[in-house]
Amino acid sequence: DGTERPSEPGTPPPASPRSQPPEEEEDEDFQFLLCEGCGQDSAQPRLLGCLHTLCPGCLSDTKQCPLCRAAAGAPAVENLLFCNLRSRLHLWRQIRSACGPGCSRCRAEAALVWCADCEEFFCGRCFEEHQWWHKKRQHRCHRLEELRAGSVRQFLEDTKTAGSLYCSSASHVGESRVCSIYCPRCERALCCPCALLDTAHAPFRDLRAESLRRQDELRSLRRDLRRLRGSFEAALARLRGEAARREEQRRRLRDGVRASAERLQQLVRREAEELQALLEARPERGPSALAEELSGAEGALLRLEAAERLVERLGRYGGEQELMDMQPFVRGALLELRRLRPPAPAPLREPAHFALCRARLRAL
Ligand SMILES: [Zn+2]
Ligand SMILES: [Zn+2]
Ligand SMILES: [Zn+2]
Ligand SMILES: [Zn+2]
Ligand SMILES: [Zn+2]
Ligand SMILES: [Zn+2]
């Protein structure tokens, strides 16, 4: 019947059915397909020069990568790997869905076979037709029940080699000729007939060899970059340590400044109190020279005023008797008063504790 086991040239026989990992693990494994900016699924993931992958929405109005802040250099390209992996995962989910995929051709029956070359599902009848049409060229077809029995990793492994590289030469548009030759000068893959016509660019390379060479080159670059990453991690650790040390130093200095300021404030307050006490409460040891001069001058002034008043009243109200009786005494007193001299404006010696106080203020 039409559901005969399809031939599978080019692909190894399906591995024995393995235990299917739980659904969460599958989802978890392919989280990297989501946009690294917003975490949304995108049909057109774009790869930036910094090798981060973003959806067009996250990429639209930015001059730099929002993840690593690298300036946008070369324009972003389509992330072909993620695109294809995403559609292969979509296929896998269709195959694993409860009702299974329908036939891509008649759209009536449930599909039984997946053709990796046509990238279509076929029911039994449509698959028979497919085999009749392509009897010259064998397509890589897989029975869905065998795919279902395998794991998602096995499915992705099987479909990895499925898509062949077709010659893109304009001389045979519409035909799909598989490439096997690589032109190093044009940096593109050619089919055999095109390579025969492209004599100017010989010698060519085998496409498979070129593919291996590119893989080797990428692997060796990756080794170099891993070493570089090691030294970057070391440098980053050193810088972080330095930053932490600096922060610690800053904290200690700040504490020191605060403690010193408090100590100084206390010191100044205590000193001020002591000086005030020195000035106010200092017990006087006898009258100072200034106080003596003050009271002497005050007394002299009072006596001069009294003498003036007495002489004036004696003249105004006194008769001869008073004049004769009192004149000798008054005259003696006035002569005594006339010897008085006002204090000279000589500088006075400052008290010793003033100088002490001033010196301590200056030291403060
Ligand atoms: Zn996004
Ligand atoms: Zn980036
Ligand atoms: Zn069909
Ligand atoms: Zn096919
Ligand atoms: Zn060429
Ligand atoms: Zn060609």
# chains A, B, ... in the order shown; residues from 1 in each chain; ligands from 1
$ residues_near_ligand --ligand "ligand 4" --cutoff "12 Å" --atoms "only C-alpha atoms and all ligand atoms" --output "VMD selection string"
chain A and resid 6 to 8 104 to 105 113 to 122 126 to 142 162 to 163
$ write_last_selection --atoms "N, CA, C and O atoms" --output "compact mmCIF listing (two decimals), in the first residue's frame"
# COMPACT_ATOMS: atom_id res chain seq x y z
N PRO A 6 9.14 4.49 3.34
CA PRO A 6 9.80 5.25 2.28
C PRO A 6 11.31 5.07 2.33
O PRO A 6 11.88 4.82 3.39
N SER A 7 11.92 5.19 1.17
CA SER A 7 13.37 5.06 1.13
C SER A 7 14.00 6.31 1.72
O SER A 7 13.46 7.40 1.61
N GLU A 8 15.15 6.16 2.33
CA GLU A 8 15.79 7.30 2.99
C GLU A 8 17.25 7.40 2.59
O GLU A 8 18.14 7.18 3.41
N SER A 104 -0.08 18.15 3.19
CA SER A 104 0.12 19.48 2.61
C SER A 104 -0.46 19.57 1.21
O SER A 104 -0.71 20.65 0.71
N ARG A 105 -0.64 18.42 0.54
CA ARG A 105 -1.12 18.44 -0.85
C ARG A 105 -2.65 18.47 -0.92
O ARG A 105 -3.24 19.43 -1.37
N VAL A 113 3.81 10.93 6.12
CA VAL A 113 5.22 11.00 5.71
C VAL A 113 5.63 12.47 5.62
O VAL A 113 4.83 13.34 5.29
N TRP A 114 6.89 12.72 5.95
CA TRP A 114 7.48 14.06 5.80
C TRP A 114 8.60 13.95 4.77
O TRP A 114 9.48 13.10 4.90
N CYS A 115 8.55 14.79 3.70
CA CYS A 115 9.63 14.80 2.72
C CYS A 115 10.52 16.01 3.02
O CYS A 115 10.06 17.15 2.97
N ALA A 116 11.78 15.74 3.35
CA ALA A 116 12.69 16.81 3.73
C ALA A 116 13.06 17.67 2.53
O ALA A 116 13.40 18.84 2.69
N ASP A 117 13.02 17.11 1.33
CA ASP A 117 13.39 17.89 0.14
C ASP A 117 12.24 18.78 -0.31
O ASP A 117 12.46 19.93 -0.66
N CYS A 118 11.01 18.25 -0.30
CA CYS A 118 9.85 19.08 -0.65
C CYS A 118 9.44 19.95 0.54
O CYS A 118 8.74 20.94 0.36
N GLU A 119 9.89 19.57 1.75
CA GLU A 119 9.46 20.23 2.99
C GLU A 119 7.94 20.22 3.07
O GLU A 119 7.31 21.24 3.31
N GLU A 120 7.37 19.04 2.84
CA GLU A 120 5.91 18.90 2.87
C GLU A 120 5.52 17.60 3.56
O GLU A 120 6.30 16.64 3.57
N PHE A 121 4.28 17.61 4.10
CA PHE A 121 3.69 16.40 4.68
C PHE A 121 2.83 15.73 3.61
O PHE A 121 2.20 16.42 2.79
N PHE A 122 2.80 14.40 3.62
CA PHE A 122 1.98 13.68 2.64
C PHE A 122 1.13 12.62 3.32
O PHE A 122 1.61 11.94 4.24
N CYS A 126 -1.14 10.74 -1.53
CA CYS A 126 -0.30 11.81 -2.11
C CYS A 126 1.16 11.40 -2.10
O CYS A 126 1.93 11.80 -2.98
N PHE A 127 1.55 10.59 -1.11
CA PHE A 127 2.94 10.15 -1.07
C PHE A 127 3.24 9.23 -2.24
O PHE A 127 4.31 9.30 -2.84
N GLU A 128 2.26 8.39 -2.61
CA GLU A 128 2.41 7.52 -3.78
C GLU A 128 2.67 8.35 -5.04
O GLU A 128 3.59 8.08 -5.81
N GLU A 129 1.87 9.41 -5.19
CA GLU A 129 2.06 10.31 -6.33
C GLU A 129 3.44 10.94 -6.30
O GLU A 129 4.13 11.02 -7.32
N HIS A 130 3.84 11.41 -5.09
CA HIS A 130 5.15 12.04 -4.91
C HIS A 130 6.25 11.10 -5.36
O HIS A 130 7.16 11.49 -6.10
N GLN A 131 6.14 9.82 -4.97
CA GLN A 131 7.16 8.85 -5.34
C GLN A 131 7.18 8.65 -6.85
O GLN A 131 8.23 8.49 -7.45
N TRP A 132 6.00 8.70 -7.48
CA TRP A 132 5.93 8.51 -8.93
C TRP A 132 6.60 9.68 -9.65
O TRP A 132 7.38 9.52 -10.56
N TRP A 133 6.33 10.91 -9.16
CA TRP A 133 6.89 12.10 -9.79
C TRP A 133 8.41 12.15 -9.64
O TRP A 133 9.12 12.60 -10.53
N HIS A 134 8.90 11.75 -8.51
CA HIS A 134 10.33 11.90 -8.22
C HIS A 134 11.06 10.58 -8.31
O HIS A 134 12.05 10.38 -7.61
N LYS A 135 10.59 9.68 -9.18
CA LYS A 135 11.25 8.37 -9.18
C LYS A 135 12.68 8.47 -9.69
O LYS A 135 13.52 7.65 -9.35
N LYS A 136 13.00 9.54 -10.46
CA LYS A 136 14.38 9.71 -10.93
C LYS A 136 15.27 10.22 -9.80
O LYS A 136 16.43 9.86 -9.70
N ARG A 137 14.69 11.14 -8.99
CA ARG A 137 15.49 11.73 -7.91
C ARG A 137 14.89 11.31 -6.59
O ARG A 137 13.76 11.65 -6.28
N GLN A 138 15.68 10.61 -5.82
CA GLN A 138 15.11 10.09 -4.57
C GLN A 138 15.12 11.19 -3.51
O GLN A 138 16.16 11.79 -3.25
N HIS A 139 13.95 11.45 -2.94
CA HIS A 139 13.83 12.45 -1.87
C HIS A 139 14.01 11.77 -0.52
O HIS A 139 13.72 10.60 -0.37
N ARG A 140 14.49 12.59 0.44
CA ARG A 140 14.67 12.04 1.79
C ARG A 140 13.35 12.15 2.55
O ARG A 140 12.96 13.23 2.98
N CYS A 141 12.67 11.01 2.64
CA CYS A 141 11.35 11.00 3.27
C CYS A 141 11.41 10.23 4.59
O CYS A 141 12.18 9.29 4.74
N HIS A 142 10.63 10.73 5.57
CA HIS A 142 10.61 10.09 6.90
C HIS A 142 9.18 9.78 7.27
O HIS A 142 8.29 10.61 7.06
N ALA A 162 19.26 18.07 5.83
CA ALA A 162 18.21 17.87 4.83
C ALA A 162 18.31 18.88 3.70
O ALA A 162 18.33 18.52 2.54
N GLY A 163 18.38 20.18 4.04
CA GLY A 163 18.35 21.18 2.99
C GLY A 163 19.66 21.20 2.23
O GLY A 163 20.70 21.47 2.80
$ residues_around --residues "range 44-59 of chain A" --least-positions-apart "2" --cutoff "6 Å" --atoms "only C-alpha atoms" --output "JSON, numbers by chain"
{"A": [35, 36, 37, 42, 62, 76, 77, 78, 79]}
$ select_by_dssp --residues "range 98-281 of chain A" --states "alpha helix (DSSP H)" --output "MDAnalysis selection string"
chainID A and resid 124:133 144:149 152:160 192:197 207:280
$ closest_atom_pairs --of "chain A" --to "ligand 6" --cutoff "10 Å" --atoms "only C-alpha atoms and all ligand atoms" --output "Markdown table"
| residue | atom | partner | partner_atom_place_in_ligand_line | distance |
| --- | --- | --- | --- | --- |
| A:Tyr166 | CA | ligand 6 | 1 (Zn) | 7.8 |
| A:Cys167 | CA | ligand 6 | 1 (Zn) | 4.5 |
| A:Ser168 | CA | ligand 6 | 1 (Zn) | 6.3 |
| A:Ser169 | CA | ligand 6 | 1 (Zn) | 5.0 |
| A:Ala170 | CA | ligand 6 | 1 (Zn) | 8.0 |
| A:Ser171 | CA | ligand 6 | 1 (Zn) | 7.1 |
| A:His172 | CA | ligand 6 | 1 (Zn) | 6.6 |
| A:Val173 | CA | ligand 6 | 1 (Zn) | 8.9 |
| A:Glu175 | CA | ligand 6 | 1 (Zn) | 8.8 |
| A:Ser176 | CA | ligand 6 | 1 (Zn) | 8.4 |
| A:Arg177 | CA | ligand 6 | 1 (Zn) | 6.2 |
| A:Val178 | CA | ligand 6 | 1 (Zn) | 7.9 |
| A:Cys179 | CA | ligand 6 | 1 (Zn) | 7.2 |
| A:Ser180 | CA | ligand 6 | 1 (Zn) | 9.8 |
| A:Ile181 | CA | ligand 6 | 1 (Zn) | 9.7 |
| A:Ala189 | CA | ligand 6 | 1 (Zn) | 8.5 |
| A:Leu190 | CA | ligand 6 | 1 (Zn) | 5.3 |
| A:Cys191 | CA | ligand 6 | 1 (Zn) | 4.2 |
| A:Cys192 | CA | ligand 6 | 1 (Zn) | 6.7 |
| A:Pro193 | CA | ligand 6 | 1 (Zn) | 6.0 |
| A:Cys194 | CA | ligand 6 | 1 (Zn) | 4.4 |
| A:Ala195 | CA | ligand 6 | 1 (Zn) | 7.4 |
| A:Leu196 | CA | ligand 6 | 1 (Zn) | 9.6 |
| A:Leu197 | CA | ligand 6 | 1 (Zn) | 9.3 |
| A:Asp198 | CA | ligand 6 | 1 (Zn) | 10.0 |
$ atom_distance --atom1 "CA of Ala70 in chain A" --atom2 "CA of Arg223 in chain A"
22.3 Å
$ select_by_dssp --residues "range 148-189 of chain A" --states "strand (DSSP E or B)" --output "list in words"
Tyr166, Val178, Ile181, Tyr182, Cys183, Arg188 and Ala189 of chain A
$ residues_near_ligand --ligand "ligand 5" --cutoff "7 Å" --atoms "only C-alpha atoms and all ligand atoms" --output "PyMOL selection string"
chain A and resi 183-186+198+201
$ decode --residues "range 104-255 of chain A" --atoms "C-alpha atoms" --output "JSON list (two decimals), in the first residue's frame"
[["chain", "number", "residue", "atom", "x", "y", "z"],
["A", 104, "SER", "CA", 0.12, 19.48, 2.61],
["A", 105, "ARG", "CA", -1.12, 18.44, -0.85],
["A", 106, "CYS", "CA", -4.75, 17.32, -0.61],
["A", 107, "ARG", "CA", -5.36, 19.01, 2.76],
["A", 108, "ALA", "CA", -7.95, 16.30, 3.51],
["A", 109, "GLU", "CA", -6.12, 13.34, 5.01],
["A", 110, "ALA", "CA", -3.84, 13.06, 8.01],
["A", 111, "ALA", "CA", -0.18, 13.04, 6.98],
["A", 112, "LEU", "CA", 1.94, 9.91, 7.30],
["A", 113, "VAL", "CA", 5.22, 11.00, 5.71],
["A", 114, "TRP", "CA", 7.48, 14.06, 5.80],
["A", 115, "CYS", "CA", 9.63, 14.80, 2.72],
["A", 116, "ALA", "CA", 12.69, 16.81, 3.73],
["A", 117, "ASP", "CA", 13.39, 17.89, 0.14],
["A", 118, "CYS", "CA", 9.85, 19.08, -0.65],
["A", 119, "GLU", "CA", 9.46, 20.23, 2.99],
["A", 120, "GLU", "CA", 5.91, 18.90, 2.87],
["A", 121, "PHE", "CA", 3.69, 16.40, 4.68],
["A", 122, "PHE", "CA", 1.98, 13.68, 2.64],
["A", 123, "CYS", "CA", -0.92, 11.35, 3.22],
["A", 124, "GLY", "CA", -0.57, 7.80, 1.90],
["A", 125, "ARG", "CA", -2.16, 8.53, -1.50],
["A", 126, "CYS", "CA", -0.30, 11.81, -2.11],
["A", 127, "PHE", "CA", 2.94, 10.15, -1.07],
["A", 128, "GLU", "CA", 2.41, 7.52, -3.78],
["A", 129, "GLU", "CA", 2.06, 10.31, -6.33],
["A", 130, "HIS", "CA", 5.15, 12.04, -4.91],
["A", 131, "GLN", "CA", 7.16, 8.85, -5.34],
["A", 132, "TRP", "CA", 5.93, 8.51, -8.93],
["A", 133, "TRP", "CA", 6.89, 12.10, -9.79],
["A", 134, "HIS", "CA", 10.33, 11.90, -8.22],
["A", 135, "LYS", "CA", 11.25, 8.37, -9.18],
["A", 136, "LYS", "CA", 14.38, 9.71, -10.93],
["A", 137, "ARG", "CA", 15.49, 11.73, -7.91],
["A", 138, "GLN", "CA", 15.11, 10.09, -4.57],
["A", 139, "HIS", "CA", 13.83, 12.45, -1.87],
["A", 140, "ARG", "CA", 14.67, 12.04, 1.79],
["A", 141, "CYS", "CA", 11.35, 11.00, 3.27],
["A", 142, "HIS", "CA", 10.61, 10.09, 6.90],
["A", 143, "ARG", "CA", 7.62, 8.28, 8.32],
["A", 144, "LEU", "CA", 5.99, 10.43, 10.98],
["A", 145, "GLU", "CA", 5.64, 7.57, 13.46],
["A", 146, "GLU", "CA", 9.40, 7.02, 13.35],
["A", 147, "LEU", "CA", 10.05, 10.73, 13.84],
["A", 148, "ARG", "CA", 7.61, 10.80, 16.76],
["A", 149, "ALA", "CA", 9.40, 7.92, 18.41],
["A", 150, "GLY", "CA", 12.70, 9.83, 18.33],
["A", 151, "SER", "CA", 13.72, 12.85, 20.37],
["A", 152, "VAL", "CA", 13.69, 16.49, 19.33],
["A", 153, "ARG", "CA", 17.48, 16.44, 19.26],
["A", 154, "GLN", "CA", 17.41, 13.46, 16.90],
["A", 155, "PHE", "CA", 14.87, 15.25, 14.70],
["A", 156, "LEU", "CA", 17.00, 18.38, 14.52],
["A", 157, "GLU", "CA", 20.07, 16.27, 13.84],
["A", 158, "ASP", "CA", 18.25, 14.50, 10.96],
["A", 159, "THR", "CA", 16.87, 17.70, 9.46],
["A", 160, "LYS", "CA", 20.21, 19.50, 9.74],
["A", 161, "THR", "CA", 21.57, 17.90, 6.59],
["A", 162, "ALA", "CA", 18.21, 17.87, 4.83],
["A", 163, "GLY", "CA", 18.35, 21.18, 2.99],
["A", 164, "SER", "CA", 20.87, 20.98, 0.15],
["A", 165, "LEU", "CA", 22.60, 24.04, -1.19],
["A", 166, "TYR", "CA", 21.13, 24.89, -4.59],
["A", 167, "CYS", "CA", 23.02, 26.76, -7.29],
["A", 168, "SER", "CA", 21.87, 30.36, -7.45],
["A", 169, "SER", "CA", 23.24, 31.04, -10.93],
["A", 170, "ALA", "CA", 20.95, 33.19, -13.10],
["A", 171, "SER", "CA", 21.57, 30.85, -16.06],
["A", 172, "HIS", "CA", 19.14, 28.24, -14.74],
["A", 173, "VAL", "CA", 16.52, 30.03, -12.68],
["A", 174, "GLY", "CA", 13.71, 27.75, -11.62],
["A", 175, "GLU", "CA", 15.81, 24.59, -11.72],
["A", 176, "SER", "CA", 17.19, 23.37, -8.43],
["A", 177, "ARG", "CA", 20.66, 22.01, -9.08],
["A", 178, "VAL", "CA", 22.56, 20.83, -6.04],
["A", 179, "CYS", "CA", 25.94, 22.51, -5.51],
["A", 180, "SER", "CA", 29.07, 20.47, -4.99],
["A", 181, "ILE", "CA", 31.80, 22.93, -5.99],
["A", 182, "TYR", "CA", 33.09, 26.11, -4.39],
["A", 183, "CYS", "CA", 34.64, 29.06, -6.21],
["A", 184, "PRO", "CA", 37.08, 30.83, -3.83],
["A", 185, "ARG", "CA", 37.22, 33.95, -6.02],
["A", 186, "CYS", "CA", 33.42, 34.50, -6.13],
["A", 187, "GLU", "CA", 33.07, 33.06, -2.62],
["A", 188, "ARG", "CA", 30.02, 31.06, -3.63],
["A", 189, "ALA", "CA", 28.88, 27.52, -4.29],
["A", 190, "LEU", "CA", 28.27, 26.30, -7.83],
["A", 191, "CYS", "CA", 26.71, 23.29, -9.47],
["A", 192, "CYS", "CA", 28.93, 21.15, -11.68],
["A", 193, "PRO", "CA", 27.72, 22.55, -15.04],
["A", 194, "CYS", "CA", 28.21, 26.14, -13.83],
["A", 195, "ALA", "CA", 31.74, 25.32, -12.64],
["A", 196, "LEU", "CA", 32.53, 23.85, -16.07],
["A", 197, "LEU", "CA", 31.40, 27.12, -17.72],
["A", 198, "ASP", "CA", 33.21, 29.33, -15.15],
["A", 199, "THR", "CA", 36.68, 28.49, -16.52],
["A", 200, "ALA", "CA", 38.15, 31.87, -15.56],
["A", 201, "HIS", "CA", 37.87, 31.08, -11.86],
["A", 202, "ALA", "CA", 39.48, 27.64, -11.69],
["A", 203, "PRO", "CA", 40.89, 26.01, -9.64],
["A", 204, "PHE", "CA", 37.75, 25.29, -7.66],
["A", 205, "ARG", "CA", 37.42, 23.61, -4.33],
["A", 206, "ASP", "CA", 35.23, 20.77, -3.26],
["A", 207, "LEU", "CA", 32.25, 22.28, -1.43],
["A", 208, "ARG", "CA", 32.50, 19.71, 1.35],
["A", 209, "ALA", "CA", 36.20, 20.52, 1.88],
["A", 210, "GLU", "CA", 35.43, 24.24, 1.94],
["A", 211, "SER", "CA", 32.69, 23.63, 4.48],
["A", 212, "LEU", "CA", 35.10, 21.65, 6.70],
["A", 213, "ARG", "CA", 37.75, 24.36, 6.31],
["A", 214, "ARG", "CA", 35.26, 27.02, 7.43],
["A", 215, "GLN", "CA", 34.22, 24.93, 10.41],
["A", 216, "ASP", "CA", 37.87, 24.44, 11.38],
["A", 217, "GLU", "CA", 38.52, 28.15, 11.08],
["A", 218, "LEU", "CA", 35.52, 28.98, 13.28],
["A", 219, "ARG", "CA", 36.60, 26.39, 15.85],
["A", 220, "SER", "CA", 40.12, 27.79, 16.05],
["A", 221, "LEU", "CA", 38.74, 31.34, 16.34],
["A", 222, "ARG", "CA", 36.52, 30.13, 19.13],
["A", 223, "ARG", "CA", 39.54, 28.65, 20.94],
["A", 224, "ASP", "CA", 41.39, 31.98, 20.67],
["A", 225, "LEU", "CA", 38.35, 33.87, 21.89],
["A", 226, "ARG", "CA", 37.91, 31.53, 24.84],
["A", 227, "ARG", "CA", 41.48, 32.31, 25.94],
["A", 228, "LEU", "CA", 40.75, 36.00, 25.47],
["A", 229, "ARG", "CA", 37.59, 35.62, 27.50],
["A", 230, "GLY", "CA", 39.63, 34.05, 30.30],
["A", 231, "SER", "CA", 41.90, 37.08, 30.45],
["A", 232, "PHE", "CA", 38.87, 39.41, 30.29],
["A", 233, "GLU", "CA", 37.28, 37.58, 33.20],
["A", 234, "ALA", "CA", 40.52, 37.92, 35.16],
["A", 235, "ALA", "CA", 40.72, 41.63, 34.31],
["A", 236, "LEU", "CA", 37.09, 42.12, 35.28],
["A", 237, "ALA", "CA", 37.63, 40.36, 38.60],
["A", 238, "ARG", "CA", 40.67, 42.58, 39.22],
["A", 239, "LEU", "CA", 38.72, 45.75, 38.36],
["A", 240, "ARG", "CA", 35.80, 44.72, 40.55],
["A", 241, "GLY", "CA", 38.18, 44.01, 43.42],
["A", 242, "GLU", "CA", 39.81, 47.39, 42.89],
["A", 243, "ALA", "CA", 36.42, 49.12, 42.85],
["A", 244, "ALA", "CA", 35.40, 47.34, 46.06],
["A", 245, "ARG", "CA", 38.70, 48.27, 47.71],
["A", 246, "ARG", "CA", 38.30, 51.88, 46.68],
["A", 247, "GLU", "CA", 34.75, 51.98, 48.03],
["A", 248, "GLU", "CA", 36.02, 50.54, 51.32],
["A", 249, "GLN", "CA", 38.76, 53.19, 51.50],
["A", 250, "ARG", "CA", 36.25, 55.93, 50.81],
["A", 251, "ARG", "CA", 34.00, 54.62, 53.57],
["A", 252, "ARG", "CA", 36.86, 54.48, 56.07],
["A", 253, "LEU", "CA", 38.01, 58.02, 55.20],
["A", 254, "ARG", "CA", 34.46, 59.34, 55.51],
["A", 255, "ASP", "CA", 34.14, 57.76, 58.97]]
